[in-house]
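Structure record follows, encoded as structure tokens.
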There are 2 protein chains.
Amino acid sequence: MKRILLLICSAISFAVNATEYKIHSAVELQALKLAPGDKVVLADGQWKDQRLVFSGKGTEAAPIVLTTEKPGVTKLTGTSTLLVEGTWLVVDGLYFTDGHSEKEDVIVLSAKTSYSRVTNTAIVNYNAPDIKKDYKWLSLYGHHNRVDHCWLEGKSHQGTTLVVWLSDQPNYHRIDHNYFGQRPELGVNGGETIRIGTSTWSMHDSYTIVENNIFNRCDGEIEAISNKSCRNILRNNLFYECSATLTLRHGNNNEAYGNIFIGNNKPNTGGIRIIGENQQVHDNFFQELTGTGLSAAISIMDGLPNPILTSHWQVKNAVISKNTIVHCKESLSIGAGKNADRYLPALNTVFNNNTIITDRQPVNWVDESVVMQFSGNIADVPAGTKLPEGFAVKATGTAKDKDGIWQVPGVKPDLFWKNTKVGPAWTSPVLGAR
Amino acid sequence: MKRILLLICSAISFAVNATEYKIHSAVELQALKLAPGDKVVLADGQWKDQRLVFSGKGTEAAPIVLTTEKPGVTKLTGTSTLLVEGTWLVVDGLYFTDGHSEKEDVIVLSAKTSYSRVTNTAIVNYNAPDIKKDYKWLSLYGHHNRVDHCWLEGKSHQGTTLVVWLSDQPNYHRIDHNYFGQRPELGVNGGETIRIGTSTWSMHDSYTIVENNIFNRCDGEIEAISNKSCRNILRNNLFYECSATLTLRHGNNNEAYGNIFIGNNKPNTGGIRIIGENQQVHDNFFQELTGTGLSAAISIMDGLPNPILTSHWQVKNAVISKNTIVHCKESLSIGAGKNADRYLPALNTVFNNNTIITDRQPVNWVDESVVMQFSGNIADVPAGTKLPEGFAVKATGTAKDKDGIWQVPGVKPDLFWKNTKVGPAWTSPVLGAR
């Protein structure tokens, strides 16, 4: 009995020992020695030019939390930034706006950081005065970190919005339920919204999961998501009027499925672009995209002989299944980007059980030497349209549902944003123009 | 005295032994055993579907000649072709028209052919019924062969007009004083007017000379001349309203000089494009060209890392001197064609003593990482135009001479076609539209 009491007391004592600090500056934060279960609250007020360093070692049961007194109201401005370093750390409810970084990335989870989380947090219009200045808004090093329910919008200067940096070990990061708002066209390379890896590390496994995010008008450049590593999963995201694509740019063995692309016939809206080996692209839904070639609904590129890591590698063993492509300007581009240097055709490509609804030619051959394995596909096309073997012509209906999604028998895209919170609790994502 | 008489008789006897044959069919030609000094004349009349094989061994002093009774009147038609095989053979005054080849190239100088010549000969509109069918009109194998004073015009089907085929030995061919008439745009690769080599053989020396030719509206594709081998000289040619370029596509150590490019502001008229090592481009004259990028007056491309033979190799040690560039849309493109795979900047490029007259920016940087060595250049540009170091601003005058050539002090392009016969004796070249 005594012993049980002791255990209970110990538990209570633990709860009591977890301290809540209300602080007013980065200097105060740096001075704290944080213990598992501790909570640091940025007091409401001016948080200008504060370089926050949030470090500590929490536990799974008792993480250390950094938050604000009034999420969405308490703002980090000027040249404020945040470095997160440690384990089981949670950043919750920060809001960077009315400012820019002078040098480093706005939020960094360092290489020593694991099992940590940035949630309910926003970075909005935090732009360098010089459009050519490159810093990221969110950089993920370390492993097993998560970015969820955040809001990142309006990046108009050089540099990817959110980057997963690879190392010699897989990182198992998760990026989910975030709202990536409008990003205007940058005009040069470097305007990606998410990049996972770099060409240098592209043959390493990342095991990052990107799911249930909204990409709204992310037009920074041709790649809204630039996958540059191996074994990532990119699923159930919404790409709404993005003049961009989900690009499997480097690395092998990635899987993109359950994503929804709604173009509303906006110029250069694209789908999924495939480069590399053993990429799986299935159960995605593409509607009213206008991109062609590299920006087609599904684009299979030609590769380079003798490639180095930055090159376009030959496509091998791609499996493209059960996708639904509705009234896109170019449903499928085969051998996209073929040119004098880049001409190795995709090998062993399976394209089966997909549905293409279009008034145009459903298959566009840029490189006629590509051999495709077509089977079980449905084409809802005008009478007389020439089709490869492996397509059956079938009428599928012509109605949109109340959400503007084309109704295709047997196809039920998961409109996750309708019944799941995306973005911070203190604001709501907007589709289309703000 | 007796001995001298014998020598004279012997000489007469030799001349008497040289036989002239008048023939009426390819079968008759094949039956002949030709000796040095012999002459074979195609009798005037029908030469339809004749596969001529002209073989023999002439000597430098007494070549064997194949000609026609009425050059320019006697025509080879239907599916007629000509194979030339031997040494010191001369084909003079043949005219292929009103037909096409069923398979082989129209005129072939075989790998066993040397010191032979095709002159005063024409191939006009000798087009395959199927535009995709590939045969060349003139194929040069062997070594020390010459094509001169010929007229090739109107090729509208797949395949380069005239090809020099490389081997493991230099060939020392000469292609001069020919009139290459209009070639319409082909729409795909393979519409070159002259190609010297192939990527496979591109690192071999060719030592071909291409000089004093007229290229009139050769619009087949971007390369009017495609240089794909080493140590060729391309000089003193006229490119008149060609929507194409002289391209140093593969191989090293080539020299392009004294060429005249007159664009008359026709769309996509280009100049000289540089790829590879130790290319020399000097004393050329470019006027009113509208091409940009790969088709600029002078275009220096970016190269590919780890190139294979078909790739765009990095430019190294180019010397671009004493050229005159007058009112071209893009005078100089640096790093042209830069893309995700092709980004190695030209190294050690000398650009000196050139004159650029333009109302636009005279130097266009596609790749800002290229380091150029500019010196002694003259720019006749509007006040306030930004120039790199190595340019002096100078007014050069604004008048054309009676031939429509822009007058630049100290620059005298050689209008060779005005005082030298170009094309066959029996017809005259036409500049512009026929």
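Here's how to read the names in the structure tokens: chain A, B, ... by the order shown, residue numbers from 1 in each chain, ligand numbers from 1 in the order shown.
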
Open item on the list: Taking only C-alpha atoms into account, find every residue of chain B that has an atom no more than 12 Å from chain A, and write it out as a ChimeraX atom specification.
Closed with: /B:188-189,199,249,303-313,337-343

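With distances restricted to only C-alpha atoms, A:Met301 is the closest residue to Asp367 in chain A from A:Val326, A:Met301, A:Pro388, A:Leu431.
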
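Closest approach to Glu69 in chain B among B:Gly335, B:Pro129, B:Gly45, B:Gly56 is made by B:Gly45 (distances from only C-alpha atoms).
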
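Comparing B:Thr398, B:Asn171, B:Ser331, B:Ser156 by their smallest distance to Ile356 in chain B, the closest is B:Ser331 (using only C-alpha atoms).
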
Open item on the list: Taking only range 152-205 of chain A into account, list the residues labelled strand (DSSP E) by DSSP (computed from the backbone), as a ChimeraX atom specification.
Closed with: /A:152-153,162-164,174-176,179-180,194-197

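Nearest to Ile23 in chain A of all the residues A:Leu162, A:Leu42, A:Val370, A:Val90 is A:Leu42, counting only C-alpha atoms.
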
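Here CA of Glu288 in chain B is placed at a distance of 18.4 Å from CA of Thr247 in chain B.
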
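Within 8 Å of Gly190 in chain A, once only C-alpha atoms are used and residues closer than 6 positions along the same chain are dropped, the contacting residues are Gln158, Gly159, Thr160, Gly220 and Glu221 of chain A.
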
Task: Best match for closeness to Arg360 in chain A among A:Val315, A:Ile175, A:Leu344, A:Cys328, counting only C-alpha atoms - done: A:Cys328
